[in-house]
$ cat protein.json   # JSON, C-alpha atoms and all ligand atoms
[["chain", "number", "residue", "atom", "x", "y", "z"],
["A", 15, "MET", "CA", -37.93, -40.42, -21.78],
["A", 16, "THR", "CA", -39.76, -37.11, -21.24],
["A", 17, "GLU", "CA", -36.95, -35.86, -19.04],
["A", 18, "GLU", "CA", -34.44, -36.60, -21.78],
["A", 19, "LYS", "CA", -36.58, -34.77, -24.31],
["A", 20, "GLU", "CA", -36.81, -31.77, -22.03],
["A", 21, "GLU", "CA", -33.06, -31.77, -21.65],
["A", 22, "ILE", "CA", -32.62, -31.83, -25.41],
["A", 23, "LYS", "CA", -35.11, -28.96, -25.74],
["A", 24, "GLU", "CA", -33.23, -26.91, -23.19],
["A", 25, "LYS", "CA", -29.96, -27.59, -24.99],
["A", 26, "LYS", "CA", -31.44, -26.46, -28.30],
["A", 27, "GLU", "CA", -32.79, -23.29, -26.72],
["A", 28, "GLY", "CA", -29.40, -22.62, -25.20],
["A", 29, "GLU", "CA", -27.74, -23.02, -28.60],
["A", 30, "ALA", "CA", -30.24, -20.63, -30.16],
["A", 31, "GLU", "CA", -29.43, -18.03, -27.51],
["A", 32, "ASN", "CA", -25.73, -18.49, -28.17],
["A", 33, "LYS", "CA", -26.31, -17.92, -31.87],
["A", 34, "GLU", "CA", -28.15, -14.69, -31.13],
["A", 35, "VAL", "CA", -25.24, -13.51, -29.00],
["A", 36, "LYS", "CA", -22.81, -14.37, -31.79],
["A", 37, "GLU", "CA", -24.88, -12.44, -34.32],
["A", 38, "LYS", "CA", -25.02, -9.43, -32.02],
["A", 39, "ALA", "CA", -21.28, -9.42, -31.39],
["A", 40, "PRO", "CA", -20.16, -7.76, -34.67],
["A", 41, "GLU", "CA", -22.62, -4.88, -34.14],
["A", 42, "ALA", "CA", -21.13, -4.21, -30.70],
["A", 43, "LYS", "CA", -17.67, -4.25, -32.25],
["A", 44, "GLU", "CA", -18.83, -1.79, -34.87],
["A", 45, "GLU", "CA", -19.97, 0.57, -32.13],
["A", 46, "VAL", "CA", -16.62, 0.32, -30.38],
["A", 47, "VAL", "CA", -14.84, 1.12, -33.62],
["A", 48, "LYS", "CA", -17.22, 4.06, -34.19],
["A", 49, "GLU", "CA", -16.45, 5.42, -30.72],
["A", 50, "LYS", "CA", -12.75, 5.12, -31.40],
["A", 51, "ARG", "CA", -13.22, 6.86, -34.73],
["A", 52, "SER", "CA", -14.93, 9.83, -33.09],
["A", 53, "GLU", "CA", -12.14, 9.99, -30.47],
["A", 54, "PHE", "CA", -9.56, 9.82, -33.23],
["A", 55, "ASP", "CA", -11.25, 12.64, -35.15],
["A", 56, "SER", "CA", -11.45, 14.89, -32.08],
["A", 57, "TRP", "CA", -7.75, 14.39, -31.23],
["A", 58, "LYS", "CA", -5.61, 17.41, -32.13],
["A", 59, "PRO", "CA", -1.96, 16.32, -32.32],
["A", 60, "LYS", "CA", 0.59, 18.72, -30.84],
["A", 61, "THR", "CA", 3.79, 17.10, -32.11],
["A", 62, "ILE", "CA", 5.11, 16.32, -35.59],
["A", 63, "LEU", "CA", 5.01, 12.62, -34.76],
["A", 64, "GLY", "CA", 1.37, 12.92, -33.71],
["A", 65, "GLU", "CA", 0.49, 14.67, -36.96],
["A", 66, "LYS", "CA", 2.17, 11.91, -38.94],
["A", 67, "VAL", "CA", 0.13, 9.29, -37.08],
["A", 68, "LYS", "CA", -3.12, 11.18, -37.57],
["A", 69, "SER", "CA", -2.54, 11.76, -41.29],
["A", 70, "GLY", "CA", -1.79, 8.04, -41.70],
["A", 71, "LYS", "CA", 1.87, 8.39, -42.73],
["A", 72, "ILE", "CA", 2.86, 6.13, -39.82],
["A", 73, "LYS", "CA", 0.72, 3.01, -39.63],
["A", 74, "ASN", "CA", 2.93, 0.82, -37.48],
["A", 75, "ILE", "CA", 4.34, 1.53, -34.03],
["A", 76, "ASP", "CA", 7.54, -0.31, -34.97],
["A", 77, "GLU", "CA", 8.43, 2.58, -37.28],
["A", 78, "ILE", "CA", 8.61, 4.82, -34.20],
["A", 79, "LEU", "CA", 10.24, 2.35, -31.79],
["A", 80, "ASP", "CA", 12.93, 1.17, -34.22],
["A", 81, "LYS", "CA", 14.11, 4.73, -34.87],
["A", 82, "GLY", "CA", 14.18, 5.39, -31.14],
["A", 83, "GLU", "CA", 11.94, 8.43, -31.47],
["A", 84, "LYS", "CA", 10.38, 9.80, -28.33],
["A", 85, "ILE", "CA", 6.61, 9.54, -28.01],
["A", 86, "LEU", "CA", 5.17, 12.58, -26.25],
["A", 87, "GLU", "CA", 1.46, 11.99, -26.75],
["A", 88, "PRO", "CA", -0.31, 8.94, -25.27],
["A", 89, "GLU", "CA", -2.89, 9.06, -28.07],
["A", 90, "ILE", "CA", -0.24, 7.86, -30.53],
["A", 91, "VAL", "CA", 0.06, 4.59, -28.62],
["A", 92, "ASP", "CA", -3.72, 4.36, -28.14],
["A", 93, "PHE", "CA", -4.34, 4.48, -31.87],
["A", 94, "LEU", "CA", -1.40, 2.42, -33.09],
["A", 95, "LEU", "CA", -1.86, -0.36, -30.53],
["A", 96, "PRO", "CA", -5.57, -1.10, -30.12],
["A", 97, "GLY", "CA", -6.57, -3.41, -27.28],
["A", 98, "LEU", "CA", -4.16, -2.09, -24.67],
["A", 99, "GLU", "CA", -4.75, -3.44, -21.19],
["A", 100, "SER", "CA", -3.56, -1.83, -17.99],
["A", 101, "GLU", "CA", -2.91, -2.86, -14.43],
["A", 102, "LEU", "CA", -1.62, -1.23, -11.24],
["A", 103, "LEU", "CA", 1.05, -3.00, -9.22],
["A", 104, "LEU", "CA", 1.00, -3.42, -5.45],
["A", 105, "ILE", "CA", 3.91, -1.27, -4.33],
["A", 106, "GLY", "CA", 2.56, 0.27, -1.13],
["A", 107, "GLN", "CA", 0.99, -0.91, 2.06],
["A", 108, "SER", "CA", -1.90, 0.19, 4.23],
["A", 109, "LYS", "CA", -1.13, 1.65, 7.60],
["A", 110, "GLY", "CA", -2.88, 2.32, 10.86],
["A", 111, "LYS", "CA", -5.40, 0.07, 12.48],
["A", 112, "PHE", "CA", -4.69, -3.60, 13.26],
["A", 113, "GLY", "CA", -1.04, -3.18, 12.43],
["A", 114, "GLY", "CA", -1.66, -2.34, 8.75],
["A", 115, "GLY", "CA", 0.81, -3.81, 6.33],
["A", 116, "GLN", "CA", -1.69, -5.02, 3.75],
["A", 117, "ARG", "CA", -0.47, -4.62, 0.16],
["A", 118, "ARG", "CA", -1.91, -1.60, -1.59],
["A", 119, "VAL", "CA", -1.75, -0.05, -5.04],
["A", 120, "PHE", "CA", -0.80, 3.39, -3.69],
["A", 121, "LYS", "CA", 2.32, 4.11, -1.74],
["A", 122, "GLN", "CA", 1.57, 6.87, 0.74],
["A", 123, "THR", "CA", 4.28, 9.16, 2.03],
["A", 124, "GLN", "CA", 4.18, 12.32, 4.11],
["A", 125, "LYS", "CA", 6.10, 15.53, 4.28],
["A", 126, "LYS", "CA", 6.14, 17.20, 7.66],
["A", 127, "THR", "CA", 5.48, 20.93, 7.43],
["A", 128, "ARG", "CA", 4.60, 23.68, 9.88],
["A", 129, "GLU", "CA", 0.99, 23.57, 8.74],
["A", 130, "GLY", "CA", 0.79, 19.83, 9.29],
["A", 131, "ASN", "CA", 1.40, 16.64, 7.34],
["A", 132, "ARG", "CA", 1.27, 16.85, 3.57],
["A", 133, "PRO", "CA", 0.55, 13.38, 2.12],
["A", 134, "LYS", "CA", 1.61, 12.26, -1.34],
["A", 135, "PHE", "CA", 0.58, 9.16, -3.30],
["A", 136, "ALA", "CA", 2.65, 7.15, -5.74],
["A", 137, "THR", "CA", 1.56, 4.27, -7.95],
["A", 138, "LEU", "CA", 3.07, 2.10, -10.67],
["A", 139, "ALA", "CA", 1.10, 1.27, -13.80],
["A", 140, "VAL", "CA", 1.75, -1.33, -16.50],
["A", 141, "VAL", "CA", 0.21, -1.24, -19.96],
["A", 142, "GLY", "CA", 0.52, -3.90, -22.62],
["A", 143, "ASN", "CA", -1.32, -5.55, -25.50],
["A", 144, "CYS", "CA", -0.55, -9.13, -24.28],
["A", 145, "ASN", "CA", 1.32, -9.55, -27.55],
["A", 146, "GLY", "CA", 4.84, -8.24, -27.35],
["A", 147, "TYR", "CA", 4.50, -4.62, -26.20],
["A", 148, "VAL", "CA", 4.69, -3.34, -22.60],
["A", 149, "GLY", "CA", 5.37, -0.12, -20.78],
["A", 150, "LEU", "CA", 5.51, 0.79, -17.14],
["A", 151, "SER", "CA", 5.89, 3.96, -15.16],
["A", 152, "TYR", "CA", 5.44, 5.73, -11.85],
["A", 153, "GLY", "CA", 2.89, 8.42, -11.18],
["A", 154, "LYS", "CA", 2.99, 10.67, -8.14],
["A", 155, "SER", "CA", 0.51, 13.24, -6.94],
["A", 156, "ARG", "CA", -1.10, 14.67, -3.82],
["A", 157, "GLU", "CA", -4.31, 12.77, -4.59],
["A", 158, "THR", "CA", -4.80, 9.15, -5.63],
["A", 159, "VAL", "CA", -6.78, 9.63, -8.85],
["A", 160, "PRO", "CA", -4.36, 12.03, -10.60],
["A", 161, "ALA", "CA", -1.49, 9.78, -9.53],
["A", 162, "ARG", "CA", -3.12, 6.87, -11.37],
["A", 163, "GLU", "CA", -3.83, 8.97, -14.45],
["A", 164, "LYS", "CA", -0.26, 10.24, -14.57],
["A", 165, "ALA", "CA", 1.10, 6.71, -14.20],
["A", 166, "LEU", "CA", -1.10, 5.36, -17.03],
["A", 167, "ARG", "CA", -0.18, 8.27, -19.32],
["A", 168, "LYS", "CA", 3.54, 7.89, -18.68],
["A", 169, "ALA", "CA", 3.40, 4.10, -19.02],
["A", 170, "LYS", "CA", 2.00, 4.53, -22.54],
["A", 171, "LEU", "CA", 4.84, 6.90, -23.43],
["A", 172, "ASN", "CA", 7.37, 4.38, -22.08],
["A", 173, "ILE", "CA", 6.17, 1.52, -24.28],
["A", 174, "ILE", "CA", 8.81, -0.97, -25.43],
["A", 175, "LYS", "CA", 8.92, -3.95, -27.75],
["A", 176, "ILE", "CA", 10.13, -7.35, -26.53],
["A", 177, "LYS", "CA", 11.43, -10.49, -28.19],
["A", 178, "ARG", "CA", 9.64, -13.80, -27.74],
["A", 179, "SER", "CA", 10.16, -17.27, -29.11],
["A", 180, "CYS", "CA", 10.09, -20.92, -28.11],
["A", 181, "GLY", "CA", 13.50, -20.85, -26.47],
["A", 182, "SER", "CA", 13.11, -24.10, -24.56],
["A", 183, "TRP", "CA", 14.81, -27.25, -25.89],
["A", 184, "GLN", "CA", 12.26, -29.31, -23.94],
["A", 185, "CYS", "CA", 9.41, -27.94, -25.99],
["A", 186, "ASN", "CA", 10.39, -27.02, -29.57],
["A", 187, "CYS", "CA", 6.83, -26.07, -30.54],
["A", 188, "GLY", "CA", 7.99, -23.02, -32.50],
["A", 189, "GLU", "CA", 5.42, -20.63, -31.10],
["A", 190, "PRO", "CA", 6.33, -17.41, -29.27],
["A", 191, "HIS", "CA", 5.30, -18.24, -25.71],
["A", 192, "THR", "CA", 8.49, -17.72, -23.71],
["A", 193, "MET", "CA", 11.89, -16.00, -23.66],
["A", 194, "PRO", "CA", 14.20, -16.73, -26.61],
["A", 195, "PHE", "CA", 17.17, -16.92, -24.21],
["A", 196, "ALA", "CA", 17.89, -16.23, -20.55],
["A", 197, "VAL", "CA", 18.16, -12.58, -19.56],
["A", 198, "GLN", "CA", 19.36, -11.06, -16.35],
["A", 199, "ALA", "CA", 19.20, -7.61, -14.80],
["A", 200, "LYS", "CA", 20.01, -6.00, -11.50],
["A", 201, "MET", "CA", 18.52, -3.06, -9.64],
["A", 202, "GLY", "CA", 19.63, -2.23, -6.12],
["A", 203, "SER", "CA", 20.50, -5.52, -4.50],
["A", 204, "VAL", "CA", 17.88, -7.47, -6.46],
["A", 205, "THR", "CA", 19.01, -9.61, -9.39],
["A", 206, "LEU", "CA", 16.34, -11.19, -11.55],
["A", 207, "LYS", "CA", 17.01, -13.86, -14.16],
["A", 208, "LEU", "CA", 14.25, -14.90, -16.57],
["A", 209, "MET", "CA", 14.72, -18.24, -18.30],
["A", 210, "PRO", "CA", 12.84, -19.95, -21.16],
["A", 211, "ALA", "CA", 10.42, -22.69, -20.07],
["A", 212, "PRO", "CA", 8.42, -25.33, -21.99],
["A", 213, "ARG", "CA", 4.77, -24.80, -22.79],
["A", 214, "GLY", "CA", 2.34, -25.23, -19.89],
["A", 215, "THR", "CA", 4.83, -24.23, -17.21],
["A", 216, "GLY", "CA", 3.13, -20.94, -16.40],
["A", 217, "LEU", "CA", 4.84, -17.94, -14.91],
["A", 218, "CYS", "CA", 7.13, -19.07, -12.10],
["A", 219, "VAL", "CA", 7.95, -15.62, -10.72],
["A", 220, "HIS", "CA", 6.85, -13.12, -8.09],
["A", 221, "ARG", "CA", 3.18, -12.11, -8.41],
["A", 222, "GLU", "CA", 3.87, -8.51, -9.42],
["A", 223, "VAL", "CA", 6.35, -9.60, -12.09],
["A", 224, "GLN", "CA", 3.72, -12.07, -13.35],
["A", 225, "LYS", "CA", 1.41, -9.12, -14.08],
["A", 226, "ILE", "CA", 4.08, -7.44, -16.21],
["A", 227, "LEU", "CA", 4.92, -10.60, -18.15],
["A", 228, "ARG", "CA", 1.25, -11.41, -18.77],
["A", 229, "LEU", "CA", 0.72, -7.98, -20.32],
["A", 230, "ALA", "CA", 3.90, -8.46, -22.34],
["A", 231, "GLY", "CA", 2.51, -11.68, -23.81],
["A", 232, "VAL", "CA", 4.86, -14.18, -22.14],
["A", 233, "THR", "CA", 3.01, -17.23, -20.82],
["A", 234, "ASP", "CA", 5.79, -19.52, -19.61],
["A", 235, "VAL", "CA", 8.92, -18.58, -17.74],
["A", 236, "TRP", "CA", 11.30, -19.86, -15.11],
["A", 237, "SER", "CA", 13.17, -17.44, -12.87],
["A", 238, "LYS", "CA", 15.93, -17.04, -10.34],
["A", 239, "THR", "CA", 16.28, -14.15, -7.92],
["A", 240, "LEU", "CA", 19.03, -12.99, -5.62],
["A", 241, "GLY", "CA", 19.15, -10.21, -3.05],
["A", 242, "HIS", "CA", 16.47, -8.53, -0.97],
["A", 243, "LYS", "CA", 13.43, -9.31, -3.14],
["A", 244, "LYS", "CA", 10.99, -7.92, -0.56],
["A", 245, "THR", "CA", 11.86, -4.53, -2.06],
["A", 246, "THR", "CA", 9.18, -4.86, -4.74],
["A", 247, "ASN", "CA", 10.26, -1.59, -6.37],
["A", 248, "ASN", "CA", 13.66, -2.98, -7.19],
["A", 249, "LEU", "CA", 12.26, -6.34, -8.28],
["A", 250, "ILE", "CA", 9.91, -4.63, -10.74],
["A", 251, "GLY", "CA", 12.72, -2.36, -11.92],
["A", 252, "ALA", "CA", 14.94, -5.38, -12.52],
["A", 253, "CYS", "CA", 12.16, -7.01, -14.56],
["A", 254, "GLU", "CA", 11.82, -3.91, -16.76],
["A", 255, "LEU", "CA", 15.59, -3.79, -17.31],
["A", 256, "ALA", "CA", 15.65, -7.51, -18.17],
["A", 257, "LEU", "CA", 12.92, -6.98, -20.78],
["A", 258, "ARG", "CA", 14.88, -4.05, -22.21],
["A", 259, "ASN", "CA", 18.00, -6.25, -22.32],
["A", 260, "LEU", "CA", 16.10, -8.69, -24.60],
["A", 261, "MET", "CA", 16.26, -6.16, -27.44],
["A", 262, "LYS", "CA", 19.98, -5.47, -26.93],
["A", 263, "ILE", "CA", 21.13, -9.08, -27.34],
["A", 264, "LYS", "CA", 21.91, -10.06, -30.93],
["A", 265, "HIS", "CA", 20.90, -13.44, -32.28],
["A", 266, "SER", "CA", 21.28, -15.55, -35.41],
["A", 267, "ASN", "CA", 18.54, -15.56, -38.00],
["A", 268, "ASP", "CA", 17.76, -19.29, -37.68],
["A", 269, "MET", "CA", 16.19, -18.70, -34.28],
["A", 270, "LYS", "CA", 12.48, -18.11, -34.83],
["A", 271, "ILE", "CA", 12.19, -14.96, -32.77],
["A", 272, "VAL", "CA", 9.11, -12.75, -32.86],
["A", 273, "GLU", "CA", 9.72, -9.07, -32.15],
["A", 274, "GLY", "CA", 6.47, -7.63, -30.88],
["A", 275, "ALA", "CA", 3.51, -9.05, -32.75],
["A", 276, "TYR", "CA", 1.75, -6.36, -34.40],
["A", 277, "GLU", "CA", -1.53, -7.38, -35.95],
["A", 278, "LYS", "CA", -3.54, -4.42, -37.07],
["A", 279, "SER", "CA", -3.71, -0.74, -36.36],
["A", 280, "ILE", "CA", -6.78, 1.34, -35.70],
["A", 281, "GLN", "CA", -6.62, 2.63, -39.28],
["A", 282, "LYS", "CA", -7.03, -0.91, -40.59],
["A", 283, "GLU", "CA", -10.03, -1.38, -38.29],
["A", 284, "PHE", "CA", -11.59, 1.77, -39.73],
["A", 285, "GLU", "CA", -10.96, 0.49, -43.25],
["A", 286, "SER", "CA", -12.62, -2.83, -42.46],
["A", 287, "LEU", "CA", -15.63, -0.97, -41.06],
["A", 288, "GLU", "CA", -15.93, 1.08, -44.24],
["A", 289, "GLU", "CA", -15.72, -2.10, -46.32],
["A", 290, "ILE", "CA", -18.63, -3.60, -44.36],
["A", 291, "LYS", "CA", -20.65, -0.44, -44.98],
["A", 292, "GLU", "CA", -19.94, -0.52, -48.71],
["A", 293, "GLU", "CA", -21.05, -4.14, -48.95],
["A", 294, "ASN", "CA", -24.33, -3.29, -47.29],
["A", 301, "ZN", "ZN", 7.50, -24.06, -27.11]]

$ encode --input "protein.json" --output "structure tokens" --more "lines below"
Ligand SMILES: [Zn+2]
Amino acid sequence: MTEEKEEIKEKKEGEAENKEVKEKAPEAKEEVVKEKRSEFDSWKPKTILGEKVKSGKIKNIDEILDKGEKILEPEIVDFLLPGLESELLLIGQSKGKFGGGQRRVFKQTQKKTREGNRPKFATLAVVGNCNGYVGLSYGKSRETVPAREKALRKAKLNIIKIKRSCGSWQCNCGEPHTMPFAVQAKMGSVTLKLMPAPRGTGLCVHREVQKILRLAGVTDVWSKTLGHKKTTNNLIGACELALRNLMKIKHSNDMKIVEGAYEKSIQKEFESLEEIKEEN
């Protein structure tokens, strides 16, 4: 009996701790929003588009993407799409000892000069909000860190919107978890076809393509590839083209297709913070 009581006590204590954590959570969020606010205030836009975003004339990134306007400042994407995640893809391989060949984030190349070898690093970054927006780009530099920064910056400028829906007749749940229809694209010899799959399937594709689709907000997909898929560069390129093709294909209105899924901008977060302050 005593053991049971002790267990119950421990459980209650655990619950109490959980409650404390839950109560603390909004304060932490407030701090994050405050940090963003200070960043937002210190940002000096250099383009007309940036000024429009800062003054609050543009509150939705769709307004920019639908017009096909070019984004030249990464801050625009940072503030219109909060909660962006990023990832680097394995496009290179290590060299040297023990045969090398292990997958690496940086692709290292060399130029032979009279003074000696001049190395250069390239990397490929993906950014996305896991909810319908992705972008990916290369970054190259003589050092690894600037290469990564360049890649992240350019990936934000390259952001695109994708279409999602429940395109599988086996599922019919109506939620946007997979492709609305099959799309295909080719780069080099590699052809990649992405097909709608029922819920719970997961991402049945190459591991690097999985990373892109996860950041795009697709959770279930079936795929088919042709050609020399070991060339990861071309496989990734084909995936990007296929996602771009999604927006080009027209569809009837009865298909429940979600284009992007834009919840709230940073401005709305600021407003909610101010409301909390006023209540207090
Ligand atoms: Zn479904």

$ atom_distance --input "protein.json" --atom1 "CA of Glu129 in chain A" --atom2 "CA of Gln107 in chain A"
25.4 Å

$ residues_near_ligand --input "protein.json" --ligand "ligand ZN 301 (chain A)" --cutoff "6 Å" --atoms "only C-alpha atoms and all ligand atoms" --output "list in words"
Cys180, Cys185, Asn186, Cys187, Gly188, Glu189, Pro212 and Arg213 of chain A

$ write_last_selection --input "protein.json" --atoms "C-alpha atoms" --output "mmCIF file, in the coordinates of the input"
data_model
loop_
_atom_site.group_PDB
_atom_site.id
_atom_site.type_symbol
_atom_site.label_atom_id
_atom_site.label_comp_id
_atom_site.auth_asym_id
_atom_site.auth_seq_id
_atom_site.Cartn_x
_atom_site.Cartn_y
_atom_site.Cartn_z
ATOM 1 C CA CYS A 180 10.090 -20.920 -28.110
ATOM 2 C CA CYS A 185 9.410 -27.940 -25.990
ATOM 3 C CA ASN A 186 10.390 -27.020 -29.570
ATOM 4 C CA CYS A 187 6.830 -26.070 -30.540
ATOM 5 C CA GLY A 188 7.990 -23.020 -32.500
ATOM 6 C CA GLU A 189 5.420 -20.630 -31.100
ATOM 7 C CA PRO A 212 8.420 -25.330 -21.990
ATOM 8 C CA ARG A 213 4.770 -24.800 -22.790
#

$ closest_residue --input "protein.json" --among "A:Ser151, A:Thr233, A:Ser52, A:Ser203" --to "Leu249 in chain A" --atoms "all atoms listed in the file"
A:Ser203

$ closest_residue --input "protein.json" --among "A:Ile62, A:Leu255, A:Val141, A:Leu217" --to "Ile85 in chain A" --atoms "all atoms listed in the file"
A:Ile62

$ residues_around --input "protein.json" --residues "Ile174 in chain A" --least-positions-apart "2" --cutoff "7 Å" --atoms "all atoms listed in the file" --output "MDAnalysis selection string"
chainID A and resid 147:149 172 176

$ closest_residue --input "protein.json" --among "A:Glu65, A:Glu222, A:Asp76, A:Glu254" --to "Leu95 in chain A" --atoms "only C-alpha atoms"
A:Asp76

$ closest_residue --input "protein.json" --among "A:Leu240, A:Val91, A:Ile250, A:Leu63" --to "Ile75 in chain A" --atoms "only C-alpha atoms"
A:Val91

$ residues_around --input "protein.json" --residues "range 112-118 of chain A" --least-positions-apart "6" --cutoff "12 Å" --atoms "all atoms listed in the file" --output "MDAnalysis selection string"
chainID A and resid 102:106 135:138 158 221:222 244 246

$ closest_residue --input "protein.json" --among "A:Ala196, A:Leu79, A:Leu94, A:Met201" --to "Leu260 in chain A" --atoms "all atoms listed in the file"
A:Ala196

$ axis_aligned_box --input "protein.json" --around "range 263-276 of chain A" --padding-each-side "8 Å" --output "AutoDock Vina command-line options"
--center_x 11.8 --center_y -12.8 --center_z -32.7 --size_x 36.2 --size_y 28.9 --size_z 26.7

$ closest_residue --input "protein.json" --among "A:Val119, A:Gly153, A:Ala199, A:Lys48" --to "Arg258 in chain A" --atoms "all atoms listed in the file"
A:Ala199

$ residues_around --input "protein.json" --residues "Leu150 in chain A" --least-positions-apart "5" --cutoff "6 Å" --atoms "only C-alpha atoms" --output "VMD selection string"
chain A and resid 139 to 140 169

$ build_atoms --input "protein.json" --residues "range 142-153 of chain A" --atoms "N, CA and C atoms" --output "tab-separated table (two decimals), keeping the file's coordinate frame"
chain	number	residue	atom	x	y	z
A	142	GLY	N	-0.01	-2.95	-21.65
A	142	GLY	CA	0.52	-3.90	-22.62
A	142	GLY	C	-0.61	-4.44	-23.47
A	143	ASN	N	-0.27	-4.99	-24.63
A	143	ASN	CA	-1.32	-5.55	-25.50
A	143	ASN	C	-1.33	-7.07	-25.43
A	144	CYS	N	-0.65	-7.67	-24.44
A	144	CYS	CA	-0.55	-9.13	-24.28
A	144	CYS	C	0.04	-9.76	-25.52
A	145	ASN	N	0.79	-9.01	-26.31
A	145	ASN	CA	1.32	-9.55	-27.55
A	145	ASN	C	2.63	-8.88	-27.94
A	146	GLY	N	3.51	-8.72	-26.98
A	146	GLY	CA	4.84	-8.24	-27.35
A	146	GLY	C	5.16	-6.79	-27.07
A	147	TYR	N	4.22	-6.02	-26.53
A	147	TYR	CA	4.50	-4.62	-26.20
A	147	TYR	C	4.10	-4.35	-24.76
A	148	VAL	N	5.01	-3.76	-23.99
A	148	VAL	CA	4.69	-3.34	-22.60
A	148	VAL	C	5.33	-2.00	-22.30
A	149	GLY	N	4.77	-1.36	-21.29
A	149	GLY	CA	5.37	-0.12	-20.78
A	149	GLY	C	4.99	0.01	-19.33
A	150	LEU	N	5.90	0.55	-18.52
A	150	LEU	CA	5.51	0.79	-17.14
A	150	LEU	C	6.12	2.07	-16.62
A	151	SER	N	5.41	2.69	-15.68
A	151	SER	CA	5.89	3.96	-15.16
A	151	SER	C	5.25	4.32	-13.83
A	152	TYR	N	5.93	5.18	-13.11
A	152	TYR	CA	5.44	5.73	-11.85
A	152	TYR	C	4.53	6.91	-12.12
A	153	GLY	N	3.65	7.18	-11.17
A	153	GLY	CA	2.89	8.42	-11.18
A	153	GLY	C	2.77	8.89	-9.74
